[in-house]
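Chemist: My questions will all concern the structure given below.
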Amino acid sequence: MNKLLIRGATVLTMEGQDAIIKTGEILMEDGWITHVGLPGSAPGYFDMDEVIEADGMVAMPGFVNCHTHAAMTLLRGYADDLPLMQWLNEKIWPFEDKLTGEDVYWGSKLACLEMIKSGTTCFGDMYAFMDDVARAVEETGMRAVLSRGMIGVAPTGSNALQEAEELVKNWNGKADGRITVMLGPHAPYTCPPDYLAKVMDLAAKLKVGIHIHVSETRTEFYDILKQYGKTPVQHLDSLGLFKYPVLAAHCVHLEQEDIEILAQKAMGIAYNPQSNMKLASGIAPVAKLLDLGATVGLGTDSTASNNNLDILEELRVGSFLQKVDTMNAEVIPAYRALQMATIDGALSMGLGDRVGLIKEGMRADIILINTKEPHMCPQHNLFANIAYSANSADVNTVIIDGKVVMLDKVVLTINEEEVMAEVQERAMRLAGK
Ligand SMILES: CSC[C@H]1O[C@@H](n2cnc3c(O)ncnc32)[C@H](O)[C@@H]1O
Ligand SMILES: [Zn+2]
């Protein structure tokens, strides 16, 4: 049995705003959180394999990035300042046509490195060459929910379905349980109803959820309305999609009825504020969704539309954007934003039974944030300091599934120089430079 102890941290369990333990202890055994308590309360101190002294640190659940396309680190800075459809059609999809599995492996590995360094322990990914993404996840020690992105028309539609099934068979529950798999029909505008019917049949057969882009732009909203006589959300609902566990990414353009459907029927919504801002897609009505009880996690989307994978940045911008959109400063307060970045992200991807809280019986995905910095002083409200003042450089240590993957700012599972050199070389070659 492997026993790991964190001592001396201020523990934000995320089980409630009062559930802060000063100078607390967290015991992890074989990847499980088995004890959370006051100093000296963890049993068997002298039996520990590793003790992390965390004075001056906050221990909290690792961040969850519910929607990304990890390997698109290769396209960071390649196509900026364009709206979604022009961005996809003219720049992104032609570039992606040239990708190999090995490119996707290195791009994903760089994404894992960036996420670990900024405190993300789990991400929801939709892309192609998913075996190679899974390989990167397995090696780097991250937790991920992987989906083979499927464009539901010829020439790739039927092959993608087959690959999605193989991904489930080969990787669901693998990497010591750190990888789970969903199906990834790309969007209502790329997947016609007959294709979505096949996706739903497969989801039922394999007992997995569905990750899909929904109502991201005004163009999509009106195109789907014109084609099917329904809004994207109502169109998907009428097809029966929400009978399955659905993670709906974006959900920017919504009518009141759409908001009600999503709140009642979606497993979760991935709110991607910075990608929606950069692509000028709009502002998701997150405050209204939350009012009706929707589960909303945070996503960065890819580094081609963001342009980083920093969830601390996303939660701050996401909270502020809702305040300005509603002209209500009370919307998404600091603690709520931190919930979205942790437990609500986990719930959105069907992982709320194992990660997102520091609690006995959960898997140990825990980060330590250094609070001894000028921008974190004074400490009136720790939640506000983490949500609104901290930045990714404050993330000091990252534990995923009970394994230390970053200690004192050194990532232990990845050779940083090697990954950056590979991605630089591959990105330039792919861009024809
Ligand atoms: C078929 S794999 C996934 C596919 O999605 C593309 N993508 C990246 N960001 C977005 C976005 O914001 N909306 C829609 N599609 C997006 C990515 O480039 C892949 O081709
Ligand atoms: Zn996306």
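Note on naming: chains are A, B, ... as they come in the structure tokens, residues start from 1 per chain, ligands start from 1 in the order shown.
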Please return as a ChimeraX atom specification the residues found within 9 Å of ligand 1, counting only C-alpha atoms and all ligand atoms.
Modeler: /A:68-69,72,84-85,88,92-93,96,125-128,147-151,160,184-187,213-214,216-217,249-250,272,275-276,279,281,301-305
Chemist: For the residues in the current selection, export C-alpha atoms as a short mmCIF file (atom, residue, chain, number, x, y, z; two decimals), in the first residue's frame.
Modeler:
data_model
loop_
_atom_site.label_atom_id
_atom_site.label_comp_id
_atom_site.auth_asym_id
_atom_site.auth_seq_id
_atom_site.Cartn_x
_atom_site.Cartn_y
_atom_site.Cartn_z
CA THR A 68 -10.88 21.13 -24.78
CA HIS A 69 -9.11 19.84 -27.85
CA MET A 72 -4.57 21.91 -30.76
CA LEU A 84 -15.81 30.40 -35.68
CA MET A 85 -16.92 29.19 -39.11
CA LEU A 88 -12.66 26.35 -38.88
CA ILE A 92 -8.22 24.96 -38.65
CA TRP A 93 -9.66 22.13 -40.70
CA GLU A 96 -5.89 19.36 -39.12
CA ASP A 125 -11.20 16.15 -24.69
CA MET A 126 -12.74 15.80 -28.13
CA TYR A 127 -10.42 15.16 -31.06
CA ALA A 128 -9.08 12.66 -33.59
CA SER A 147 -14.15 11.46 -27.01
CA ARG A 148 -13.43 10.70 -30.63
CA GLY A 149 -14.76 13.85 -32.34
CA MET A 150 -17.08 12.80 -35.15
CA ILE A 151 -18.08 14.81 -38.20
CA ALA A 160 -15.26 7.86 -36.91
CA GLY A 184 -18.12 12.95 -29.43
CA PRO A 185 -20.51 13.93 -32.23
CA HIS A 186 -19.04 17.30 -33.15
CA ALA A 187 -22.15 19.52 -33.40
CA HIS A 213 -20.79 21.36 -29.17
CA VAL A 214 -24.23 23.00 -28.89
CA GLU A 216 -22.14 28.05 -30.01
CA THR A 217 -22.81 30.84 -32.51
CA ALA A 249 -20.21 22.52 -24.76
CA HIS A 250 -20.79 26.27 -25.19
CA ASN A 272 -16.03 28.41 -22.30
CA SER A 275 -13.12 31.04 -26.38
CA ASN A 276 -16.60 32.52 -26.80
CA LEU A 279 -14.29 33.96 -31.54
CA SER A 281 -19.52 33.93 -30.40
CA ASP A 301 -11.79 25.05 -25.52
CA SER A 302 -8.56 24.76 -27.49
CA THR A 303 -5.44 26.90 -27.39
CA ALA A 304 -6.31 28.01 -30.91
CA SER A 305 -9.31 29.93 -29.58
#
Chemist: Would you list the contacts of Phe221 (chain A) as an NGL selection string, taking every protein, DNA or RNA residue within 12 Å and counting only C-alpha atoms, but skipping same-chain residues closer than 2 positions in sequence?
Modeler: :A and (187-189 or 213-219 or 223-235 or 251-255 or 258 or 281-282)
Chemist: Write out as a PyMOL selection string each polymer residue whose atoms come within 12 Å of Phe320 (chain A), counting only C-alpha atoms; drop sequence neighbours fewer than 2 positions from it.
Modeler: chain A and resi 273-274+283+286-287+313-318+322-334+337+387-388
Chemist: Got time to write the residues from that selection, N, CA and C atoms, as a compact mmCIF listing (two decimals), in the first residue's frame?
Modeler:
# COMPACT_ATOMS: atom_id res chain seq x y z
N PRO A 273 -15.90 30.72 -21.49
CA PRO A 273 -16.04 32.17 -21.70
C PRO A 273 -14.99 32.79 -22.60
N GLN A 274 -13.72 32.38 -22.44
CA GLN A 274 -12.69 33.09 -23.22
C GLN A 274 -12.71 32.70 -24.69
N ILE A 283 -22.11 35.52 -25.28
CA ILE A 283 -21.99 35.24 -23.84
C ILE A 283 -23.05 34.22 -23.46
N VAL A 286 -25.17 31.87 -18.42
CA VAL A 286 -24.84 30.94 -17.34
C VAL A 286 -25.61 31.26 -16.06
N ALA A 287 -25.78 32.56 -15.79
CA ALA A 287 -26.51 32.92 -14.56
C ALA A 287 -27.91 32.33 -14.59
N GLU A 313 -7.62 31.33 -14.84
CA GLU A 313 -7.95 32.50 -15.65
C GLU A 313 -9.40 32.42 -16.13
N GLU A 314 -9.77 31.20 -16.54
CA GLU A 314 -11.12 30.98 -17.08
C GLU A 314 -12.19 31.25 -16.02
N LEU A 315 -11.93 30.83 -14.80
CA LEU A 315 -12.97 31.00 -13.77
C LEU A 315 -13.11 32.46 -13.38
N ARG A 316 -12.01 33.17 -13.40
CA ARG A 316 -12.07 34.60 -13.07
C ARG A 316 -12.80 35.36 -14.18
N VAL A 317 -12.39 35.13 -15.42
CA VAL A 317 -13.04 35.82 -16.54
C VAL A 317 -14.51 35.38 -16.65
N GLY A 318 -14.74 34.09 -16.44
CA GLY A 318 -16.11 33.57 -16.54
C GLY A 318 -17.04 34.19 -15.52
N GLN A 322 -20.08 37.16 -16.46
CA GLN A 322 -21.50 37.01 -16.08
C GLN A 322 -21.97 38.22 -15.28
N LYS A 323 -21.08 38.78 -14.47
CA LYS A 323 -21.46 39.97 -13.69
C LYS A 323 -21.77 41.14 -14.63
N VAL A 324 -20.92 41.31 -15.62
CA VAL A 324 -21.13 42.46 -16.51
C VAL A 324 -22.33 42.19 -17.43
N ASP A 325 -22.51 40.95 -17.83
CA ASP A 325 -23.63 40.63 -18.72
C ASP A 325 -24.97 40.84 -18.03
N THR A 326 -25.02 40.49 -16.75
CA THR A 326 -26.29 40.61 -16.02
C THR A 326 -26.38 41.94 -15.27
N MET A 327 -25.28 42.69 -15.27
CA MET A 327 -25.19 43.93 -14.47
C MET A 327 -25.53 43.63 -13.00
N ASN A 328 -25.06 42.48 -12.55
CA ASN A 328 -25.32 42.06 -11.18
C ASN A 328 -24.03 41.49 -10.60
N ALA A 329 -23.42 42.24 -9.70
CA ALA A 329 -22.12 41.85 -9.13
C ALA A 329 -22.21 40.60 -8.26
N GLU A 330 -23.44 40.24 -7.86
CA GLU A 330 -23.58 39.08 -6.97
C GLU A 330 -23.57 37.75 -7.72
N VAL A 331 -23.66 37.81 -9.03
CA VAL A 331 -23.72 36.58 -9.82
C VAL A 331 -22.36 35.87 -9.81
N ILE A 332 -22.38 34.56 -9.71
CA ILE A 332 -21.17 33.71 -9.63
C ILE A 332 -20.11 34.32 -8.70
N PRO A 333 -20.39 34.31 -7.41
CA PRO A 333 -19.36 34.77 -6.46
C PRO A 333 -18.18 33.79 -6.42
N ALA A 334 -17.15 34.19 -5.69
CA ALA A 334 -15.87 33.45 -5.76
C ALA A 334 -16.03 31.96 -5.46
N ALA A 337 -17.64 30.15 -8.32
CA ALA A 337 -16.72 29.99 -9.46
C ALA A 337 -15.76 28.83 -9.20
N ALA A 387 -9.86 32.59 -6.23
CA ALA A 387 -10.63 32.77 -7.47
C ALA A 387 -10.22 34.04 -8.23
N TYR A 388 -9.93 35.11 -7.50
CA TYR A 388 -9.76 36.40 -8.18
C TYR A 388 -8.32 36.93 -8.19
Chemist: As a PyMOL selection string, please: the residues near Lys288 (chain A) (cut-off 10 Å, only C-alpha atoms, same-chain neighbours under 3 positions excluded).
Modeler: chain A and resi 256+259-260+263+284-285+291-294+322+326+331
Chemist: Can you pull out every residue from region 150-275 of chain A that DSSP, working from the backbone, puts in helix (DSSP H, G or I), and format the result as a VMD selection string?
Modeler: chain A and resid 157 to 171 193 to 206 218 to 228 232 to 239 241 to 243 256 to 265 273 to 275
Chemist: Tell me, which residues of region 242-295 of chain A carry DSSP strand (DSSP E or B), written as a VMD selection string?
Modeler: chain A and resid 246 to 250 268 to 271
Chemist: I'd like the contact shell of Ser348 (chain A) - 12 Å cut-off, only C-alpha atoms, skipping same-chain residues fewer than 5 positions apart - returned as a PyMOL selection string.
Modeler: chain A and resi 64-67+122-124+145+209-211+245-249+262-263+265-271+294-299+339-343+353+355-356
Chemist: Return the single residue from A:Leu430, A:Ala111, A:Thr371, A:Asn306 that is closest to ligand 2, with distances computed using only C-alpha atoms and all ligand atoms.
Modeler: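 Closest to ligand 2 of all the choices is A:Asn306.
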